[in-house]
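Undergrad: Sharing a structure below in structure tokens format, with a few things to ask.
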There are 2 protein chains.
Amino acid sequence: MTKRVKNQRTWFPELSTRDEANAMNGAELLIKTAAAGGIDICFTNPGTTELPLVEAFDKIKGFRPVLGLFEGCCSGAADGYARMAGKPAMTLFHLGPGLGNAIANLHNAERAGSPVLNIIGDHATWHRDADAPLTMDIEALSKTVSDWTRTSTSIETLPHDIARAMAVANKGSIATLIVPQDVQWAETSQENISKINHEPVQVDMDFVQHVAKHLRNSKKAVIILGGSALRGNGLRAAARIMEKTHCNLLSETFPAHMERGVSLPAIDRIPYAPSFASEILSRYDCIVLAGAKEPVAFFGYQDEPSRLLSAEQKVIRLSSDKDNLQESLKRLADFLGAPPYAKFQIKLSGSSLRPHLPAGALGPKKASAVIAALQPENAIVVDESITSGAGYYNMTATVPLFSLLTLTGGAIGQGMPCAVGAAIACPDRAVINFQADGSAMYTVQSLWMQARESLNITTLICANQRYKILEKELARTGNRTPGAYTKALMNLGNPVIDWVSLSKGMGVPAVSVQTAEELAHHLGFALREPGPCLIEMKL
Amino acid sequence: MTKRVKNQRTWFPELSTRDEANAMNGAELLIKTAAAGGIDICFTNPGTTELPLVEAFDKIKGFRPVLGLFEGCCSGAADGYARMAGKPAMTLFHLGPGLGNAIANLHNAERAGSPVLNIIGDHATWHRDADAPLTMDIEALSKTVSDWTRTSTSIETLPHDIARAMAVANKGSIATLIVPQDVQWAETSQENISKINHEPVQVDMDFVQHVAKHLRNSKKAVIILGGSALRGNGLRAAARIMEKTHCNLLSETFPAHMERGVSLPAIDRIPYAPSFASEILSRYDCIVLAGAKEPVAFFGYQDEPSRLLSAEQKVIRLSSDKDNLQESLKRLADFLGAPPYAKFQIKLSGSSLRPHLPAGALGPKKASAVIAALQPENAIVVDESITSGAGYYNMTATVPLFSLLTLTGGAIGQGMPCAVGAAIACPDRAVINFQADGSAMYTVQSLWMQARESLNITTLICANQRYKILEKELARTGNRTPGAYTKALMNLGNPVIDWVSLSKGMGVPAVSVQTAEELAHHLGFALREPGPCLIEMKL
């Protein structure tokens with residue numbers, strides 16, 4: 001345990017008293033260990049209890065802290081970063097309230113299988129019992145979204161704790177390490193840096209053979225792809241299996257990161273509405289889950305099942321989302337003797353085919369068509385359009401290759417910061433954030449981050465001034481004549497949000513459009529210019 | 001347990017199948033019970049799992065739902081409402097993520113002793129096991145900020161659960177009731193409405209006499225006032241005790257709601273800096289806590305104590321914050337034979353005395369002076385000015401009577417929504433929100449609520465473009481030459497936030513000022529005009 005010595009300051013000592021070659025404090029040890037393990041970015045809004053870690057950013061080379069004005073923007077950015085970079089970002093938050101603000105987007109990250117390493121500063125160990133105003137049960141809070149939570153109570157255990165947290169995060173999980181301030185400022189030696197072992201991910205060939213047997217023996221099978229199986233290598237291997245076994249392919253409803261477009265097999269997503277989803281899934285006697293969870297209804301409706309599969313259907317799992325899915329699919333294809341992908345790629349390749357640019361007053365479908373018509377090759381499209389973008393997916397099967405990131409955990413306010421993280425992970429790619437207005441307001445401070453970091457993000461606000469998903473869900477229950485309060489609670493139109501003014505207030509240039517032509521003009525311009533911009537689409 | 005009947009909708013039946021005089025669903029029962037118990041407002045951002053409750057707002061008379069665009073604004077508004085109305089508001093949030101977004105301001109509310117009744121919609125009981133995307137451990141999340149948490153798993157237990165939640169909330173606590181959607185739509189009878197008993201609050205005379213003995217026998221005593229002891233009746237009773245026993249009076253550092261101004265005894269607040277606080281407190285051999293917690297350092301500093309009192313000092317508690325503090329103080333004054341307050345009120349009364357209006361370029365002190373010079377009688381001043389308003393308190397001892405609401409739990413982002421709740425609780429009083437810029441950005445969506453509800457709130461943004469408290473805390477550690485990253489993480493100036501644009505974007509008229517004269521001119525105007533406005537003070 002670190003002992004507190006009254007009237008003696010140990011964590012910012014005179015340089016002369018320190019063994020310069022070797023001495024460091026807990027905060028520096030933490031950042032150095034994370035950097036050695038491959039983490040090089042931290043999304044943060046720090047406070048007093050994180051100051052030693054803040055100072056460590058200036059002492060350890062190669063680590064970049066990115067300030068957010070609200071923790072929900074930081075956790076959403078960490079999720080977006082992880083989806084694109086395939087490795088964890090660090091976050092750094094201020095005690096329980098800071099973590100509390102990050103919870104919703106950590107939940108989305110957890111559902112996305114995104115690796116995230118949260119570092120939470122806490123009061124000094126000897127100050128916790130005082131129950132000072134900011135004191136909370138941070139561990140209990142963390143456990144609601146983290147796969148792994150620990151408090152480092154001494155400088156002796158800190159190296160092991162950091163290493164463990166990073167190992168957990170690297171497996172596609174949320175790891176949260178709480179570091180009291182006295183552990184951050186305690187002195188230690190360079191030699192204590194733990195090496196992070198990247199454990200090689202195995203493929204379980206017994207499992208692969210088991211799946212192969214079922215694919216061969218089933219009448220009609222479907223592979224539901226999720227997680228990294230939806231990226232190029234996964235899709236290509238799955239297409240080989242389809243070619244060989246005549247199974248079908250489906251995507252989970254809300255992919256964390258799907259690669260899509262010309263030259264990749266186009267697959268349908270399981271519909272959101274459980275009745276449609278059940279109908280589609282009922283066609284198969286064998287369901288192989290490749291990185292996807294068993295499909296269930298998003299909400300429990302009175303007249304719909306919770307689970308979309310019946311007891312008669314055989315459900316087998318190829319691999320967990322956190323194993324090497326792409327390699328598992330490839331081994332499965334090889335084991336089945338499937339033809340190489342190149343053999344039938346000819347069917348898929350050729351020039352891209354896009355929707356025609358529409359004209360006239362803008363609506364959700366035309367907005368979707370303009371985006372699909374103009375998105376550049378290698379674009380990253382963050383889709384939190386909720387109802388407005390319902391038609392977009394089907395327009396993009398043959399557009400130039402792009403990455404699609406969707407709302408995995410249902411906690412709205414994900415798109416704006418997810419775009420931030422994606423743009424930081426991939427500075428050379430254009431990011432298009434197709435964004436519902438109600439959801440955008442949850443983490444609207446993300447625009448400031450976009451301006452601060454000069455990110456290539458074009459935010460397209462679907463300004464329909466309502467929570468339209470709620471109108472639809474209400475109509476679904478049979479209530480087509482909502483009362484005055486019910487209508488008011490689904491409506492954002494009083495006052496109308498002026499997105500141009502809001503965006504400029506946070507340093508992001510903005511324009512408002514009402515026709516498809518205006519949208520095409522401004523989107524084209526925005527995609528050519530560097531830096532962020534926002535287009536309010538009056539739908 | 002509510003049984004789910006497939007293909008049969010029970011919660012929105014044809015009217016003809018229902019015993020109209022008596023039938024209602026769980027959602028209506030909940031709202032009706034809350035209304036019968038005196039709750040008449042709900043701050044909410046609902047989702048699909050709350051739709052039956054949303055519809056119930058239209059069916060039960062006398063209940064007003066207020067939409068917020070982010071749950072942190074709703075929980076902050078509930079806190080502000082409770083501080084001014086002295087009774088709970090309801091909140092209504094969407095599963096775990098909705099509650100997660102509300103956590104930080106619920107933490108502030110908990111530290112303020114504000115009564116709040118949270119209602120959280122959850123998946124139908126039979127849908128929880130499906131682990132649908134929005135599923136979280138809501139109870140675990142709730143327990144981090146709630147004094148009481150329960151999930152109502154059937155319509156049979158719902159009436160008792162609501163009654164219990166309200167009884168807990170009414171005692172100045174956070175009560176959270178999780179109501180699965182099938183319990184909301186289950187049918188029940190009117191007769192099941194539980195009556196909420198407002199338990200009369202007792203005064204423990206044994207305790208009063210114990211305190212009296214110590215006050216008489218101590219060399220020098222101080223009463224630290226907190227909670228409702230800081231309102232008029234509490235302050236007047238405390239002044240009588242001071243007159244009789246020559247004890248001193250202090251306020252807790254961050255009062256939830258203090259009444260202050262001419263005709264009330266002016267008392268000092270315990271300083272934020274622990275060294276100053278310790279020095280002041282060391283003067284007393286007897287400390288009486290009247291609604292205040294034992295004073296501790298806000299953060300644990302290496303060279304400062306956690307607890308500000310020594311083992312030699314006698315600490316006694318007059319009453320808990322949730323008992324009848326004002327009455328306890330009055331009984332204590334009576335028991336001591338203190339003179340009536342009227343006898344020495346003459347010393348305090350007379351006309352109010354305000355600072356002179358300053359002139360020239362605006363700084364924190366001049367901003368404070370302009371507010372103190374112009375705030376109208378009965379103003380509600382929400383002070384989340386953090387560093388900028390440090391001089392304000394001492395300028396307001398003799399201004400016209402007003403209410404001061406401060407940041408109780410240290411979770412920034414409290415001022416903007418607290419002002420919303422206070423203005424809704426007291427529509428006839430002017431609300432001035434003295435607001436740090438960094439903190440304002442946390443819950444900036446509150447401006448939209450102010451416009452939507454046409455609230456009489458003047459927001460004064462301290463636009464110093466930095467987390468100045470962090471600069472001070474860092475300097476305190478001895479680091480006066482922060483590195484580039486450290487400086488960047490404390491700075492909001494890149495890009496500069498344009499508060500006028502931001503505010504107008506959410507429907508609140510705004511102006512920017514750089515001199516004391518401009519501030520006085522626009523503040524005077526803002527206080528005369530109805531509805532919200534924002535003044536950006538370039539400090």
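Identifiers for the structure tokens are assigned positionally: chains receive A, B, ... in sequence, residues are indexed from 1 per chain, and ligands are indexed from 1 in the order shown.
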Could you please select, counting only C-alpha atoms, the residues of chain B within 6 Å of chain A and state them as a ChimeraX atom specification?

TA: /B:6-7,54-55,58,67,70,97,100-101,103-104,124,127,132-134,141,298,300,303,306,409-411,442,452,483,485-486,489,494-495,497-498,501-502,505-507

Undergrad: Please extract the residues of range 53-135 of chain B with a backbone DSSP assignment of strand (DSSP E) and present them as a list in words.

TA: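 Matching residues for strand (DSSP E) in range 53-135 of chain B are Arg64, Pro65, Val66, Leu67, Ala89, Met90, Thr91, Leu92, Phe93, His94, Val116, Leu117, Asn118, Ile119, Ile120, Gly121 and Asp122 of chain B.
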
Undergrad: Could you pull out the residues in range 193-387 of chain A that DSSP calls alpha helix (DSSP H) from the backbone, as a ChimeraX atom specification?

TA: /A:205-217,232-245,274-281,325-336,341-348,364-374

Undergrad: Show me, as JSON, numbers by chain, the residues that have an atom within 12 Å of Leu318 in chain B when counting only C-alpha atoms, minus same-chain residues fewer than 5 positions from it.

TA: {"B": [203, 204, 205, 206, 207, 208, 209, 210, 211, 212, 213, 214, 215, 223, 224, 225, 226, 229, 238, 287, 288, 289, 290, 291, 292, 293, 323, 324, 325, 326, 327, 328, 329, 330, 331, 332]}

Undergrad: Selected residues, C-alpha atoms, written as a short mmCIF file (atom, residue, chain, number, x, y, z; two decimals), in the first residue's frame, please.

TA:
data_model
loop_
_atom_site.label_atom_id
_atom_site.label_comp_id
_atom_site.auth_asym_id
_atom_site.auth_seq_id
_atom_site.Cartn_x
_atom_site.Cartn_y
_atom_site.Cartn_z
CA VAL B 203 -38.18 16.32 16.23
CA ASP B 204 -36.11 14.33 18.71
CA MET B 205 -36.15 16.52 21.83
CA ASP B 206 -33.59 14.33 23.59
CA PHE B 207 -31.18 15.18 20.80
CA VAL B 208 -32.08 18.87 21.04
CA GLN B 209 -31.34 18.88 24.76
CA HIS B 210 -28.08 17.02 24.19
CA VAL B 211 -26.98 19.67 21.70
CA ALA B 212 -28.07 22.45 24.04
CA LYS B 213 -25.90 21.02 26.82
CA HIS B 214 -22.85 20.93 24.57
CA LEU B 215 -23.45 24.44 23.27
CA ILE B 223 -23.16 25.27 14.04
CA ILE B 224 -22.57 24.11 10.47
CA LEU B 225 -25.81 24.54 8.57
CA GLY B 226 -26.78 22.50 5.55
CA ALA B 229 -31.33 24.73 7.70
CA ALA B 238 -29.81 29.55 14.09
CA ILE B 287 -19.09 21.48 16.12
CA VAL B 288 -22.83 21.03 15.71
CA LEU B 289 -23.90 19.59 12.37
CA ALA B 290 -27.36 20.85 11.43
CA GLY B 291 -28.16 19.23 8.10
CA ALA B 292 -24.53 19.34 7.05
CA LYS B 293 -22.17 16.42 6.74
CA ASP B 323 -35.58 15.21 9.37
CA ASN B 324 -37.33 18.41 10.20
CA LEU B 325 -34.26 20.54 10.51
CA GLN B 326 -35.90 23.92 10.67
CA GLU B 327 -38.19 22.80 13.48
CA SER B 328 -35.26 21.19 15.33
CA LEU B 329 -33.36 24.47 15.22
CA LYS B 330 -36.39 26.40 16.43
CA ARG B 331 -36.94 23.98 19.32
CA LEU B 332 -33.26 24.23 20.21
#

Undergrad: Mind pulling up the distance from CA of Ala78 in chain A to CA of Pro159 in chain A?

TA: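 Interatomic distance here is 22.8 Å.
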
Undergrad: Do you know which residues are at most 6 Å from range 86-92 of chain A counting only C-alpha atoms, after dropping those on the same chain fewer than 3 positions away, and could you put them as a ChimeraX atom specification?

TA: /A:41-44,78,82-83,115-120

Undergrad: Let's have the selection written as an mmCIF file, in the first residue's frame, with N, CA, C and O atoms.

TA:
data_model
loop_
_atom_site.group_PDB
_atom_site.id
_atom_site.type_symbol
_atom_site.label_atom_id
_atom_site.label_comp_id
_atom_site.auth_asym_id
_atom_site.auth_seq_id
_atom_site.Cartn_x
_atom_site.Cartn_y
_atom_site.Cartn_z
ATOM 1 N N ILE A 41 -3.678 6.494 -28.426
ATOM 2 C CA ILE A 41 -4.634 7.605 -28.384
ATOM 3 C C ILE A 41 -5.517 7.492 -27.152
ATOM 4 O O ILE A 41 -5.790 6.388 -26.679
ATOM 5 N N CYS A 42 -5.902 8.636 -26.636
ATOM 6 C CA CYS A 42 -6.760 8.659 -25.444
ATOM 7 C C CYS A 42 -7.816 9.739 -25.618
ATOM 8 O O CYS A 42 -7.497 10.905 -25.798
ATOM 9 N N PHE A 43 -9.084 9.350 -25.569
ATOM 10 C CA PHE A 43 -10.194 10.302 -25.609
ATOM 11 C C PHE A 43 -10.573 10.632 -24.167
ATOM 12 O O PHE A 43 -10.885 9.726 -23.394
ATOM 13 N N THR A 44 -10.538 11.887 -23.823
ATOM 14 C CA THR A 44 -10.629 12.214 -22.402
ATOM 15 C C THR A 44 -11.293 13.532 -22.095
ATOM 16 O O THR A 44 -11.307 14.455 -22.913
ATOM 17 N N ALA A 78 -14.163 6.435 -28.822
ATOM 18 C CA ALA A 78 -13.350 5.236 -28.597
ATOM 19 C C ALA A 78 -13.961 4.041 -29.323
ATOM 20 O O ALA A 78 -13.242 3.209 -29.893
ATOM 21 N N ALA A 82 -12.126 2.073 -32.352
ATOM 22 C CA ALA A 82 -11.870 0.629 -32.273
ATOM 23 C C ALA A 82 -12.458 -0.110 -33.472
ATOM 24 O O ALA A 82 -11.852 -1.046 -33.991
ATOM 25 N N ARG A 83 -13.638 0.317 -33.908
ATOM 26 C CA ARG A 83 -14.262 -0.364 -35.052
ATOM 27 C C ARG A 83 -13.388 -0.246 -36.309
ATOM 28 O O ARG A 83 -13.358 -1.158 -37.128
ATOM 29 N N PRO A 115 -12.993 -3.149 -28.655
ATOM 30 C CA PRO A 115 -12.063 -3.099 -27.532
ATOM 31 C C PRO A 115 -11.910 -1.664 -27.028
ATOM 32 O O PRO A 115 -11.688 -0.750 -27.823
ATOM 33 N N VAL A 116 -12.063 -1.479 -25.732
ATOM 34 C CA VAL A 116 -11.870 -0.145 -25.130
ATOM 35 C C VAL A 116 -11.170 -0.326 -23.796
ATOM 36 O O VAL A 116 -11.496 -1.229 -23.025
ATOM 37 N N LEU A 117 -10.200 0.522 -23.533
ATOM 38 C CA LEU A 117 -9.514 0.531 -22.239
ATOM 39 C C LEU A 117 -9.879 1.821 -21.513
ATOM 40 O O LEU A 117 -9.407 2.903 -21.877
ATOM 41 N N ASN A 118 -10.753 1.706 -20.518
ATOM 42 C CA ASN A 118 -11.121 2.882 -19.722
ATOM 43 C C ASN A 118 -10.195 3.025 -18.525
ATOM 44 O O ASN A 118 -10.013 2.065 -17.775
ATOM 45 N N ILE A 119 -9.663 4.204 -18.360
ATOM 46 C CA ILE A 119 -8.935 4.520 -17.130
ATOM 47 C C ILE A 119 -9.760 5.567 -16.380
ATOM 48 O O ILE A 119 -10.127 6.605 -16.948
ATOM 49 N N ILE A 120 -10.077 5.263 -15.138
ATOM 50 C CA ILE A 120 -10.887 6.185 -14.344
ATOM 51 C C ILE A 120 -10.043 6.644 -13.159
ATOM 52 O O ILE A 120 -9.560 5.814 -12.389
#

Undergrad: Calculate how many Å separate CA of Lys468 in chain A from CA of Lys366 in chain A, rounding to one decimal.

TA: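 These two atoms are separated by 17.4 Å.
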
Undergrad: I need the residue nearest Pro265 in chain A from this list: A:Thr396, A:Gln184, A:Thr459, A:Ser446. Use only C-alpha atoms for the distance.

TA: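 Residue with the minimum atom-to-atom distance to Pro265 in chain A: A:Thr396.
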
Undergrad: Excluding Ser352 in chain A and residues on its chain fewer than 4 positions from it, collect all residues at most 8 Å away from it, counting only C-alpha atoms, and give them as an NGL selection string.

TA: :A and (261-262 or 398-400)

Undergrad: Can you spit out the residues from that selection as a PDB file, in the first residue's frame, using C-alpha atoms?

TA:
ATOM      1  CA  GLY A 261     -19.861  -2.438 -52.160  1.00  0.00           C
ATOM      2  CA  VAL A 262     -18.799  -3.626 -55.572  1.00  0.00           C
ATOM      3  CA  THR A 398     -22.718  -2.101 -55.825  1.00  0.00           C
ATOM      4  CA  VAL A 399     -21.332   1.310 -54.908  1.00  0.00           C
ATOM      5  CA  PRO A 400     -17.542   1.609 -54.520  1.00  0.00           C
TER       6      PRO A 400
END

Undergrad: Could you tell me how far CA of Gly113 in chain B lies from CA of Tyr81 in chain B, in Å and to one decimal?

TA: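 Value for the CA of Gly113 in chain B-CA of Tyr81 in chain B distance: 12.3 Å.
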
Undergrad: List as a list in words the protein and nucleic acid residues near Ile162 in chain A, meaning an atom at most 9 Å away when only C-alpha atoms are counted, but skip any in the same chain fewer than 3 places from it.

TA: Leu30, Thr33, Ala34, Ser152, Thr157, Leu158, Pro159, Ala165, Met166, Ala167, Leu177, Ser194 and Ile196 of chain A
